[in-house]
>>> print(open('run_34.cif').read())   # mmCIF, C-alpha atoms
data_upload
loop_
_atom_site.label_atom_id
_atom_site.label_comp_id
_atom_site.auth_asym_id
_atom_site.auth_seq_id
_atom_site.Cartn_x
_atom_site.Cartn_y
_atom_site.Cartn_z
CA MET A 11 0.00 0.00 0.00
CA LYS A 12 1.16 3.54 -0.75
CA GLY A 13 0.51 4.75 2.76
CA GLU A 14 2.71 2.12 4.34
CA LYS A 15 6.25 3.10 5.22
CA LYS A 16 9.01 0.95 3.83
CA LYS A 17 10.72 -1.07 6.52
CA LYS A 18 14.34 -0.05 6.97
CA LEU A 19 16.98 -2.73 7.13
CA PRO A 20 18.47 -3.04 10.63
CA LEU A 21 21.90 -1.47 11.14
CA ALA A 22 23.48 -4.84 12.00
CA LEU A 23 22.39 -6.28 8.62
CA LEU A 24 23.62 -3.21 6.71
CA ILE A 25 27.01 -3.40 8.46
CA PHE A 26 27.21 -7.15 7.77
CA ILE A 27 26.46 -6.60 4.08
CA ALA A 28 29.09 -3.84 3.93
CA LEU A 29 31.59 -6.11 5.69
CA ALA A 30 30.95 -8.97 3.24
CA LEU A 31 31.20 -6.66 0.22
CA GLY A 32 34.39 -5.12 1.61
CA ILE A 33 36.01 -8.55 2.07
CA LEU A 34 34.97 -9.53 -1.47
CA ALA A 35 36.30 -6.26 -2.92
CA GLY A 36 39.54 -6.67 -0.95
CA ILE A 37 40.06 -10.19 -2.33
CA ILE A 38 39.46 -8.92 -5.87
CA PHE A 39 41.92 -6.04 -5.42
CA ALA A 40 44.52 -8.43 -3.94
CA ALA A 41 44.04 -10.98 -6.75
CA THR A 42 44.35 -8.34 -9.49
CA GLY A 43 47.34 -6.61 -7.89
CA GLN A 44 45.38 -3.40 -7.29
CA SER A 45 45.86 -3.21 -3.52
CA LYS A 46 47.42 0.26 -3.89
CA PHE A 47 44.17 1.54 -5.42
CA ALA A 48 42.25 0.31 -2.35
CA VAL A 49 44.77 1.97 -0.03
CA ASN A 50 45.00 5.27 -1.96
CA TYR A 51 41.36 5.81 -2.97
CA ILE A 52 39.10 3.72 -0.68
CA LYS A 53 40.91 3.81 2.67
CA PRO A 54 40.76 7.67 2.88
CA PHE A 55 36.95 7.56 3.10
CA GLY A 56 37.23 5.07 5.96
CA THR A 57 39.73 7.41 7.62
CA ILE A 58 37.27 10.32 7.22
CA PHE A 59 34.61 8.22 8.95
CA LEU A 60 36.97 7.37 11.83
CA ASN A 61 38.03 11.03 12.07
CA LEU A 62 34.39 12.06 12.54
CA ILE A 63 34.00 9.49 15.31
CA LYS A 64 37.25 10.58 17.01
CA TRP A 65 36.07 14.19 16.76
CA VAL A 66 32.80 13.57 18.60
CA VAL A 67 33.85 10.79 20.98
CA THR A 68 35.93 12.95 23.37
CA PRO A 69 33.13 15.41 24.29
CA LEU A 70 30.70 12.47 24.25
CA VAL A 71 32.76 10.54 26.84
CA PHE A 72 33.26 13.71 28.90
CA PHE A 73 29.57 14.57 29.17
CA SER A 74 28.46 10.91 29.24
CA ILE A 75 30.49 10.10 32.37
CA MET A 76 29.44 13.36 34.05
CA SER A 77 25.82 12.54 33.24
CA GLY A 78 26.29 9.04 34.66
CA VAL A 79 27.84 10.38 37.87
CA ILE A 80 25.18 13.02 38.57
CA SER A 81 22.35 10.62 37.68
CA MET A 82 23.56 8.26 40.45
CA ARG A 83 23.07 11.20 42.86
CA ASP A 84 25.50 9.62 45.36
CA ILE A 85 29.32 9.62 45.39
CA LYS A 86 29.30 6.35 47.36
CA LYS A 87 27.36 4.65 44.58
CA VAL A 88 29.89 5.90 42.00
CA GLY A 89 32.67 4.38 44.12
CA SER A 90 30.78 1.10 44.45
CA VAL A 91 30.22 0.87 40.69
CA GLY A 92 33.84 1.83 39.99
CA ILE A 93 35.29 -0.89 42.26
CA LYS A 94 32.98 -3.57 40.81
CA THR A 95 33.90 -2.50 37.27
CA VAL A 96 37.68 -2.60 37.76
CA LEU A 97 37.49 -5.97 39.57
CA TYR A 98 35.32 -7.41 36.78
CA TYR A 99 37.80 -6.26 34.14
CA LEU A 100 40.79 -7.71 36.06
CA VAL A 101 39.09 -11.09 36.57
CA THR A 102 37.99 -11.45 32.94
CA THR A 103 41.46 -10.39 31.76
CA ALA A 104 43.01 -13.15 33.90
CA PHE A 105 40.58 -15.64 32.32
CA ALA A 106 41.43 -14.28 28.87
CA ILE A 107 45.21 -14.73 29.14
CA THR A 108 44.66 -18.23 30.62
CA ILE A 109 42.41 -19.19 27.71
CA GLY A 110 44.94 -17.75 25.25
CA LEU A 111 47.73 -19.89 26.75
CA LEU A 112 45.57 -23.05 26.89
CA VAL A 113 44.37 -22.73 23.28
CA ALA A 114 47.89 -21.92 22.03
CA ASN A 115 49.38 -24.94 23.84
CA LEU A 116 46.68 -27.27 22.51
CA MET A 117 47.09 -26.01 18.93
CA LYS A 118 50.79 -25.19 18.81
CA GLY A 119 51.28 -27.99 16.29
CA LEU A 120 50.11 -25.38 13.76
CA PHE A 121 53.07 -23.14 14.64
CA PRO A 122 56.19 -23.53 12.49
CA VAL A 123 59.76 -23.44 13.80
CA LEU A 124 61.05 -20.53 11.72
CA GLY A 125 64.52 -19.28 10.94
CA THR A 126 64.83 -16.43 13.40
CA SER A 127 68.36 -15.23 12.66
CA GLY A 128 68.61 -11.60 11.65
CA LEU A 129 65.29 -10.64 13.26
CA SER A 130 65.21 -7.23 14.85
CA TYR A 131 62.47 -5.28 16.54
CA ASP A 132 62.58 -2.09 18.57
CA PRO A 133 59.70 -2.36 21.07
CA PRO A 134 57.79 0.80 22.00
CA LYS A 135 59.20 2.43 25.10
CA SER A 136 57.39 0.92 28.07
CA THR A 137 56.01 3.24 30.71
CA SER A 138 56.21 2.44 34.42
CA PHE A 139 53.00 2.11 36.41
CA MET A 140 53.85 5.22 38.45
CA ASP A 141 54.37 7.27 35.27
CA VAL A 142 50.98 6.08 34.01
CA LEU A 143 49.45 6.99 37.38
CA VAL A 144 50.85 10.53 37.17
CA ASP A 145 49.77 10.89 33.51
CA ILE A 146 46.17 10.00 34.41
CA PHE A 147 45.74 13.42 36.03
CA PRO A 148 45.59 16.30 33.51
CA SER A 149 47.67 19.44 33.97
CA ASN A 150 45.71 21.42 31.40
CA PHE A 151 41.95 21.52 30.86
CA PHE A 152 42.05 21.44 27.05
CA LYS A 153 45.09 19.19 26.45
CA PRO A 154 43.26 15.87 27.09
CA PHE A 155 40.68 16.80 24.44
CA VAL A 156 43.33 17.85 21.91
CA GLU A 157 45.34 14.63 22.46
CA ALA A 158 42.22 12.44 22.92
CA ASN A 159 43.69 11.14 26.19
CA MET A 160 40.71 9.12 27.39
CA LEU A 161 42.02 8.40 30.90
CA GLN A 162 42.55 12.11 31.59
CA ILE A 163 39.12 12.93 30.15
CA ILE A 164 37.54 10.31 32.43
CA VAL A 165 39.32 11.74 35.51
CA ALA A 166 38.32 15.32 34.59
CA SER A 167 34.68 14.33 34.09
CA LEU A 168 34.65 12.48 37.43
CA PHE A 169 35.98 15.52 39.31
CA ILE A 170 33.42 17.85 37.72
CA GLY A 171 30.62 15.31 38.24
CA PHE A 172 31.53 14.95 41.93
CA ALA A 173 31.71 18.73 42.30
CA LEU A 174 28.22 19.08 40.81
CA LEU A 175 26.88 16.56 43.34
CA ILE A 176 28.53 18.42 46.23
CA VAL A 177 27.17 21.86 45.24
CA ARG A 178 23.78 20.42 44.34
CA GLN A 179 22.09 21.62 47.54
CA LYS A 180 23.30 25.19 47.05
CA LYS A 181 22.33 25.45 43.39
CA THR A 182 19.32 24.81 41.23
CA GLU A 183 19.02 21.83 38.88
CA MET A 184 20.13 24.03 35.94
CA GLU A 185 23.69 22.63 35.92
CA PHE A 186 22.36 19.07 35.88
CA ARG A 187 20.06 19.86 32.97
CA LEU A 188 22.93 21.52 31.10
CA VAL A 189 25.10 18.38 31.38
CA ASP A 190 22.22 16.14 30.25
CA THR A 191 21.46 18.48 27.33
CA MET A 192 25.10 18.45 26.17
CA ASN A 193 25.18 14.66 26.50
CA ASP A 194 21.99 14.34 24.43
CA LEU A 195 23.38 16.78 21.86
CA PHE A 196 26.58 14.82 21.25
CA MET A 197 24.66 11.54 21.28
CA LYS A 198 22.49 12.93 18.48
CA VAL A 199 25.59 14.00 16.52
CA MET A 200 26.96 10.49 16.96
CA GLU A 201 23.70 8.98 15.73
CA MET A 202 24.09 11.01 12.54
CA ILE A 203 27.65 9.72 12.08
CA VAL A 204 26.69 6.12 12.91
CA LYS A 205 24.22 6.14 10.00
CA LEU A 206 27.32 6.24 7.79
CA SER A 207 28.65 3.04 9.41
CA PRO A 208 28.05 0.71 6.43
CA ILE A 209 30.05 3.02 4.13
CA GLY A 210 32.76 3.43 6.75
CA VAL A 211 32.99 -0.33 7.36
CA PHE A 212 33.33 -1.06 3.63
CA CYS A 213 36.07 1.55 3.21
CA LEU A 214 37.97 0.33 6.28
CA ILE A 215 37.88 -3.43 5.62
CA THR A 216 38.59 -3.38 1.87
CA PRO A 217 42.19 -2.06 2.05
CA VAL A 218 42.98 -4.39 4.99
CA ILE A 219 42.01 -7.46 2.95
CA ALA A 220 43.63 -6.06 -0.20
CA GLU A 221 46.96 -5.54 1.59
CA ASN A 222 47.04 -8.61 3.84
CA GLY A 223 45.15 -11.23 1.83
CA PRO A 224 48.21 -13.07 0.51
CA GLN A 225 49.97 -12.88 3.90
CA ILE A 226 47.08 -14.56 5.70
CA LEU A 227 47.63 -17.66 3.55
CA GLY A 228 51.31 -17.80 4.52
CA SER A 229 53.14 -19.14 7.57
CA LEU A 230 51.25 -16.80 9.94
CA ALA A 231 47.89 -18.41 9.14
CA GLY A 232 48.33 -20.79 12.08
CA VAL A 233 48.89 -18.14 14.75
CA LEU A 234 46.03 -16.02 13.40
CA LEU A 235 43.71 -19.04 13.49
CA VAL A 236 44.73 -19.92 17.06
CA ALA A 237 44.24 -16.31 18.23
CA TYR A 238 40.76 -16.17 16.73
CA VAL A 239 39.83 -19.52 18.31
CA GLY A 240 40.91 -18.01 21.65
CA TYR A 241 38.84 -14.86 20.98
CA ILE A 242 35.73 -16.90 20.18
CA VAL A 243 36.14 -19.31 23.12
CA HIS A 244 36.53 -16.43 25.58
CA MET A 245 33.49 -14.56 24.24
CA VAL A 246 31.26 -17.63 24.06
CA VAL A 247 32.28 -19.16 27.40
CA VAL A 248 33.26 -16.31 29.77
CA TYR A 249 30.82 -13.61 28.64
CA SER A 250 27.95 -16.06 28.23
CA LEU A 251 28.45 -17.33 31.79
CA ALA A 252 28.82 -13.77 33.09
CA VAL A 253 25.59 -12.41 31.60
CA ARG A 254 23.68 -15.60 32.43
CA ALA A 255 24.87 -15.84 36.05
CA GLY A 256 25.24 -12.12 36.79
CA ALA A 257 22.24 -10.66 34.93
CA LYS A 258 19.96 -13.65 34.14
CA ILE A 259 20.15 -12.79 30.42
CA SER A 260 20.26 -15.40 27.65
CA PRO A 261 23.68 -15.44 25.92
CA ILE A 262 21.88 -15.77 22.57
CA THR A 263 19.94 -12.57 23.27
CA PHE A 264 23.14 -10.86 24.40
CA PHE A 265 25.15 -11.68 21.26
CA ARG A 266 22.22 -11.08 18.90
CA LYS A 267 21.65 -7.57 20.25
CA MET A 268 25.40 -6.89 20.38
CA LEU A 269 25.86 -7.71 16.68
CA PRO A 270 26.00 -4.10 15.36
CA ALA A 271 28.76 -3.19 17.84
CA ILE A 272 30.64 -6.47 17.23
CA LEU A 273 30.64 -6.01 13.45
CA PHE A 274 31.66 -2.36 13.71
CA ALA A 275 34.48 -3.13 16.17
CA PHE A 276 35.79 -5.91 13.92
CA SER A 277 35.99 -3.69 10.87
CA SER A 278 37.23 -0.50 12.55
CA ALA A 279 39.57 -2.05 15.19
CA SER A 280 38.71 0.92 17.44
CA SER A 281 37.28 0.40 20.95
CA VAL A 282 36.71 4.12 21.47
CA GLY A 283 35.19 4.49 18.00
CA THR A 284 32.72 1.67 18.76
CA LEU A 285 31.69 3.26 22.07
CA PRO A 286 28.46 4.98 20.89
CA ILE A 287 27.15 1.89 19.05
CA ASN A 288 28.14 -0.29 22.01
CA GLU A 289 26.25 2.02 24.38
CA GLU A 290 23.12 1.81 22.24
CA CYS A 291 23.29 -2.01 22.10
CA VAL A 292 23.87 -2.36 25.85
CA ARG A 293 20.93 -0.11 26.72
CA ASP A 294 18.76 -2.15 24.35
CA ILE A 295 19.73 -5.28 26.31
CA GLY A 296 18.64 -3.61 29.54
CA ALA A 297 21.66 -1.98 31.19
CA ASP A 298 21.00 1.18 33.21
CA LYS A 299 21.87 4.44 31.47
CA ASN A 300 23.85 5.85 34.40
CA ILE A 301 25.91 2.63 34.77
CA THR A 302 26.51 2.39 31.02
CA SER A 303 27.65 6.02 30.80
CA PHE A 304 30.33 5.28 33.38
CA VAL A 305 31.39 1.67 32.69
CA LEU A 306 31.75 1.67 28.89
CA PRO A 307 34.10 4.69 28.51
CA LEU A 308 36.25 3.29 31.34
CA GLY A 309 36.28 -0.15 29.70
CA ALA A 310 37.20 1.28 26.29
CA THR A 311 40.37 2.55 27.95
CA ILE A 312 41.44 -0.10 30.46
CA ASN A 313 39.69 -3.38 29.52
CA MET A 314 42.01 -5.51 27.37
CA ASP A 315 40.65 -9.08 27.35
CA GLY A 316 41.25 -9.48 23.62
CA THR A 317 44.75 -8.05 23.96
CA ALA A 318 45.45 -10.51 26.82
CA ILE A 319 44.50 -13.48 24.61
CA TYR A 320 46.79 -12.07 21.92
CA GLN A 321 49.64 -11.93 24.49
CA GLY A 322 49.22 -15.59 25.40
CA VAL A 323 49.00 -16.86 21.85
CA CYS A 324 51.91 -14.75 20.62
CA ALA A 325 54.10 -15.75 23.59
CA ILE A 326 53.62 -19.47 22.79
CA PHE A 327 54.03 -18.80 19.05
CA ILE A 328 57.29 -16.86 19.49
CA ALA A 329 58.62 -19.46 21.93
CA THR A 330 57.82 -22.25 19.44
CA CYS A 331 59.48 -20.36 16.59
CA TYR A 332 62.66 -20.17 18.69
CA GLY A 333 62.33 -23.85 19.70
CA ILE A 334 61.62 -22.97 23.37
CA ASP A 335 59.12 -24.82 25.60
CA LEU A 336 57.64 -22.63 28.34
CA THR A 337 57.33 -24.11 31.83
CA PHE A 338 54.18 -23.93 33.95
CA SER A 339 55.76 -21.28 36.20
CA GLN A 340 56.63 -19.17 33.14
CA MET A 341 53.03 -19.39 31.91
CA LEU A 342 51.78 -18.39 35.36
CA THR A 343 54.13 -15.40 35.18
CA ILE A 344 52.59 -14.48 31.80
CA VAL A 345 49.07 -14.59 33.34
CA LEU A 346 50.07 -12.28 36.20
CA THR A 347 52.13 -9.90 34.03
CA ALA A 348 49.47 -9.51 31.33
CA THR A 349 46.68 -8.97 33.91
CA VAL A 350 48.57 -6.21 35.73
CA ALA A 351 49.93 -4.72 32.49
CA SER A 352 46.39 -4.39 31.10
CA ILE A 353 45.82 -1.61 33.64
CA GLY A 354 49.41 -0.34 33.77
CA THR A 355 49.63 0.33 30.02
CA ALA A 356 46.09 1.72 29.65
CA GLY A 357 46.03 4.65 27.28
CA ALA A 358 49.65 4.19 26.19
CA PRO A 359 50.35 4.48 22.43
CA GLY A 360 50.67 0.99 20.93
CA ALA A 361 49.51 -0.54 24.23
CA GLY A 362 49.20 -4.02 22.66
CA MET A 363 52.85 -4.08 21.56
CA VAL A 364 54.03 -2.54 24.85
CA MET A 365 52.18 -5.29 26.77
CA LEU A 366 53.60 -8.02 24.51
CA ALA A 367 57.14 -6.72 25.02
CA MET A 368 56.59 -6.73 28.81
CA VAL A 369 55.19 -10.28 28.72
CA LEU A 370 58.09 -11.62 26.64
CA GLN A 371 60.66 -9.95 28.90
CA SER A 372 58.98 -11.33 32.03
CA VAL A 373 59.72 -14.94 30.93
CA GLY A 374 63.02 -14.31 29.16
CA LEU A 375 61.77 -14.66 25.58
CA PRO A 376 63.52 -12.56 22.91
CA VAL A 377 61.63 -9.32 22.27
CA ASP A 378 62.84 -9.44 18.66
CA GLY A 379 60.25 -12.18 18.16
CA ILE A 380 57.56 -9.47 17.99
CA ALA A 381 58.81 -8.84 14.44
CA LEU A 382 57.27 -12.22 13.49
CA VAL A 383 53.73 -10.99 14.19
CA ALA A 384 54.04 -7.20 13.74
CA GLY A 385 53.27 -7.40 10.01
CA VAL A 386 49.74 -8.67 10.55
CA ASP A 387 49.02 -6.83 13.80
CA ARG A 388 46.00 -5.17 12.19
CA ILE A 389 44.39 -8.61 11.63
CA PHE A 390 44.99 -9.50 15.29
CA ASP A 391 43.69 -6.08 16.33
CA MET A 392 40.33 -6.54 14.60
CA GLY A 393 39.60 -9.63 16.70
CA ARG A 394 40.96 -8.35 20.00
CA THR A 395 38.99 -5.09 19.68
CA THR A 396 35.82 -7.13 19.16
CA VAL A 397 36.54 -9.10 22.34
CA ASN A 398 37.35 -5.92 24.29
CA ILE A 399 34.09 -4.10 23.47
CA THR A 400 32.01 -7.24 24.10
CA GLY A 401 33.68 -7.50 27.51
CA ASP A 402 32.83 -3.84 28.21
CA ALA A 403 29.19 -4.56 27.33
CA SER A 404 28.98 -7.66 29.54
CA CYS A 405 30.43 -5.64 32.44
CA ALA A 406 27.84 -2.86 32.03
CA ILE A 407 25.02 -5.40 31.99
CA VAL A 408 26.28 -7.41 34.97
CA VAL A 409 27.11 -4.36 37.12
CA SER A 410 23.66 -2.90 36.31
CA ALA A 411 22.04 -6.13 37.52
CA TRP A 412 24.18 -6.17 40.69
CA GLU A 413 23.26 -2.57 41.50
CA ARG A 414 19.55 -3.26 40.94
CA ARG A 415 19.66 -6.23 43.32
CA LYS A 416 21.55 -4.13 45.87
CA GLN A 417 18.94 -1.38 45.60
CA LYS A 418 16.07 -3.87 46.07
CA LYS A 419 17.72 -5.24 49.22
CA LEU A 420 18.10 -1.71 50.62
CA GLU A 421 14.46 -0.94 49.84
CA LYS A 422 13.29 -4.16 51.56
CA LYS A 423 15.46 -3.37 54.56
CA GLU A 424 14.04 0.16 54.74
CA LEU A 425 10.48 -1.19 54.42
CA LYS A 426 11.03 -3.66 57.28
CA LYS A 427 12.45 -0.85 59.38
CA GLN A 428 9.37 1.33 58.71
CA ASN A 429 7.00 -1.55 59.48
CA ALA A 430 8.83 -2.24 62.76
CA GLN A 431 8.26 1.38 63.80
#
>>> encode(input="run_34.cif", output="structure tokens")
Amino acid sequence: MKGEKKKKLPLALLIFIALALGILAGIIFAATGQSKFAVNYIKPFGTIFLNLIKWVVTPLVFFSIMSGVISMRDIKKVGSVGIKTVLYYLVTTAFAITIGLLVANLMKGLFPVLGTSGLSYDPPKSTSFMDVLVDIFPSNFFKPFVEANMLQIIVASLFIGFALLIVRQKKTEMEFRLVDTMNDLFMKVMEMIVKLSPIGVFCLITPVIAENGPQILGSLAGVLLVAYVGYIVHMVVVYSLAVRAGAKISPITFFRKMLPAILFAFSSASSVGTLPINEECVRDIGADKNITSFVLPLGATINMDGTAIYQGVCAIFIATCYGIDLTFSQMLTIVLTATVASIGTAGAPGAGMVMLAMVLQSVGLPVDGIALVAGVDRIFDMGRTTVNITGDASCAIVVSAWERRKQKKLEKKELKKQNAQ
């Protein structure tokens, strides 16, 4: 009928179609030797799309966390949520590195013993935990926004959010409404940009496949396969159990509703860039807005489950290539190092490579071995980003459920107290 509106295809399906077309186009470009065309004339449009997201995501995180803090109306609740969130991320990261090591050991028959003479790799300069701690606190109001330093933006938004709660009794609600209005404004801007996701996904994935297609079929196919098995096992097992046990949500429902964010993260390899889509998916699943506004931006910065799996797989791969068998105590050291390093290197440039260098050094493996996997780091990054953002989402959902149960207990306790009087 003419009066009926045409049904729009869901965003997840549009992104999936764009992803499939991008992979197909990339294979064609690689097969015809036209990978340079994909890099020179298609990749720039993907970069434009990412630039738009990077432009809006810093004010979005700033006002989103402030909005989350003031909507909780209680500094103690913010502290409670913060502690639960960090503990959740540390525990799942420990599981992730363990799964990475187990999968890599079970499948290390796929890893070749390569000629490693002449390898050289200069690892990124590692930063001590104390330096990272100092760098978390901004010395200039505008610098964190210019440099897109997410940890400093989070700290700044927390201080201002807390200050708004403290002065709340002396002021009107105008300041609260202003923060919510700015948050809604940047969310609307992001919605406009997200509508371009299918185009952005196509333009981002095509040059990756065009450039790396032939390499994937080479000697590194084994380590890539093992890493992706680890990614899938961790998502399916750990996150399914977490949302089922912690929030009473079906894992099938969780992954189905998370599909737009998962597909976008896979193609863009950007946790921060996926943040707005992730937030929309998580709220659709049932997470509280105030919890989501706080947990997801924090997770996009410090949660590195996917990166932890990558550490485990690459450590076993590099050891195998050098003909070294790691002992149980060395693997335990890797678990502890990668878990602590996931927080210690948060926000550092090239955090994945910095962490891998730290892990290799902790068990005496040659850091030059990173050169074996550096060439296809982008392929690893697509998978580990997908795991990271899915972990952020599961945390927001589980913490929301915990806080709801806590609130119900307090209400029951208060009701009993009133009845007793």
>>> closest_atom_pairs(input="run_34.cif", of="region 234-263 of chain A", to="region 385-408 of chain A", cutoff="7 Å", atoms="only C-alpha atoms", output="tab-separated table")
residue	atom	partner	partner_atom	distance
A:Leu234	CA	A:Phe390	CA	6.9
A:Tyr238	CA	A:Gly393	CA	6.6
A:Tyr241	CA	A:Val397	CA	6.3
A:Met245	CA	A:Val397	CA	6.5
A:Tyr249	CA	A:Ser404	CA	6.3
A:Val253	CA	A:Val408	CA	6.1
A:Gly256	CA	A:Val408	CA	5.2
A:Ala257	CA	A:Val408	CA	5.2
>>> write_last_selection(input="run_34.cif", atoms="C-alpha atoms", output="CSV table (one decimal), in the frame of the given file")
chain,number,residue,atom,x,y,z
A,234,LEU,CA,46.0,-16.0,13.4
A,238,TYR,CA,40.8,-16.2,16.7
A,241,TYR,CA,38.8,-14.9,21.0
A,245,MET,CA,33.5,-14.6,24.2
A,249,TYR,CA,30.8,-13.6,28.6
A,253,VAL,CA,25.6,-12.4,31.6
A,256,GLY,CA,25.2,-12.1,36.8
A,257,ALA,CA,22.2,-10.7,34.9
>>> closest_residue(input="run_34.cif", among="A:Leu100, A:Ile25, A:Met117, A:Ile58", to="Phe274 (chain A)", atoms="only C-alpha atoms")
A:Ile25
>>> closest_residue(input="run_34.cif", among="A:Glu413, A:Asn150, A:Ile85, A:Thr284", to="Glu201 (chain A)", atoms="all atoms listed in the file")
A:Thr284
>>> residues_around(input="run_34.cif", residues="region 37-44 of chain A", least_positions_apart="3", cutoff="7 Å", atoms="all atoms listed in the file", output="ChimeraX atom specification")
/A:33-34,47-48,219-221,223
>>> atom_distance(input="run_34.cif", atom1="CA of Val377 (chain A)", atom2="CA of Gly316 (chain A)")
20.4 Å
>>> resolve_selection(input="run_34.cif", expression="the PyMOL selection byres ((chain A and resi 109) around 8)", output="MDAnalysis selection string")
chainID A and resid 105:108 110:113 240 243:244 319
>>> write_last_selection(input="run_34.cif", atoms="C-alpha atoms", output="CSV table (one decimal), in the frame of the given file")
chain,number,residue,atom,x,y,z
A,105,PHE,CA,40.6,-15.6,32.3
A,106,ALA,CA,41.4,-14.3,28.9
A,107,ILE,CA,45.2,-14.7,29.1
A,108,THR,CA,44.7,-18.2,30.6
A,110,GLY,CA,44.9,-17.8,25.2
A,111,LEU,CA,47.7,-19.9,26.8
A,112,LEU,CA,45.6,-23.0,26.9
A,113,VAL,CA,44.4,-22.7,23.3
A,240,GLY,CA,40.9,-18.0,21.6
A,243,VAL,CA,36.1,-19.3,23.1
A,244,HIS,CA,36.5,-16.4,25.6
A,319,ILE,CA,44.5,-13.5,24.6
>>> closest_residue(input="run_34.cif", among="A:Leu306, A:Leu273, A:Cys213, A:Val91", to="Ile52 (chain A)", atoms="only C-alpha atoms")
A:Cys213
>>> resolve_selection(input="run_34.cif", expression="the PyMOL selection byres ((chain A and resi 59-63) around 12)", output="JSON, numbers by chain")
{"A": [52, 53, 54, 55, 56, 57, 58, 64, 65, 66, 67, 68, 69, 70, 71, 158, 196, 197, 199, 200, 201, 202, 203, 204, 205, 206, 207, 208, 209, 210, 211, 212, 213, 214, 274, 275, 277, 278, 279, 280, 281, 282, 283, 284, 285, 286, 287]}
>>> closest_residue(input="run_34.cif", among="A:Leu269, A:Val79, A:Leu251, A:Leu175", to="Asn288 (chain A)", atoms="all atoms listed in the file")
A:Leu269
>>> resolve_selection(input="run_34.cif", expression="the PyMOL selection byres ((chain A and resi 154) around 12)", output="PyMOL selection string")
chain A and resi 68-69+71-72+145-153+155-167+357
>>> write_last_selection(input="run_34.cif", atoms="C-alpha atoms", output="PDB file, keeping the file's coordinate frame")
ATOM      1  CA  THR A  68      35.930  12.950  23.370  1.00  0.00           C
ATOM      2  CA  PRO A  69      33.130  15.410  24.290  1.00  0.00           C
ATOM      3  CA  VAL A  71      32.760  10.540  26.840  1.00  0.00           C
ATOM      4  CA  PHE A  72      33.260  13.710  28.900  1.00  0.00           C
ATOM      5  CA  ASP A 145      49.770  10.890  33.510  1.00  0.00           C
ATOM      6  CA  ILE A 146      46.170  10.000  34.410  1.00  0.00           C
ATOM      7  CA  PHE A 147      45.740  13.420  36.030  1.00  0.00           C
ATOM      8  CA  PRO A 148      45.590  16.300  33.510  1.00  0.00           C
ATOM      9  CA  SER A 149      47.670  19.440  33.970  1.00  0.00           C
ATOM     10  CA  ASN A 150      45.710  21.420  31.400  1.00  0.00           C
ATOM     11  CA  PHE A 151      41.950  21.520  30.860  1.00  0.00           C
ATOM     12  CA  PHE A 152      42.050  21.440  27.050  1.00  0.00           C
ATOM     13  CA  LYS A 153      45.090  19.190  26.450  1.00  0.00           C
ATOM     14  CA  PHE A 155      40.680  16.800  24.440  1.00  0.00           C
ATOM     15  CA  VAL A 156      43.330  17.850  21.910  1.00  0.00           C
ATOM     16  CA  GLU A 157      45.340  14.630  22.460  1.00  0.00           C
ATOM     17  CA  ALA A 158      42.220  12.440  22.920  1.00  0.00           C
ATOM     18  CA  ASN A 159      43.690  11.140  26.190  1.00  0.00           C
ATOM     19  CA  MET A 160      40.710   9.120  27.390  1.00  0.00           C
ATOM     20  CA  LEU A 161      42.020   8.400  30.900  1.00  0.00           C
ATOM     21  CA  GLN A 162      42.550  12.110  31.590  1.00  0.00           C
ATOM     22  CA  ILE A 163      39.120  12.930  30.150  1.00  0.00           C
ATOM     23  CA  ILE A 164      37.540  10.310  32.430  1.00  0.00           C
ATOM     24  CA  VAL A 165      39.320  11.740  35.510  1.00  0.00           C
ATOM     25  CA  ALA A 166      38.320  15.320  34.590  1.00  0.00           C
ATOM     26  CA  SER A 167      34.680  14.330  34.090  1.00  0.00           C
ATOM     27  CA  GLY A 357      46.030   4.650  27.280  1.00  0.00           C
TER      28      GLY A 357
END
>>> residues_near_point(input="run_34.cif", point="(46.9, -27.0, 14.6)", cutoff="9 Å", atoms="all atoms listed in the file", output="count of residues only")
9
>>> closest_residue(input="run_34.cif", among="A:Leu366, A:Val96, A:Cys331, A:Ile259", to="Ala348 (chain A)", atoms="all atoms listed in the file")
A:Leu366
>>> closest_residue(input="run_34.cif", among="A:Gly171, A:Pro270, A:Gly322, A:Pro376", to="Ala28 (chain A)", atoms="all atoms listed in the file")
A:Pro270
>>> atom_distance(input="run_34.cif", atom1="CA of Leu188 (chain A)", atom2="CA of Pro307 (chain A)")
20.4 Å
>>> atom_distance(input="run_34.cif", atom1="CA of Lys419 (chain A)", atom2="CA of Ile301 (chain A)")
18.4 Å
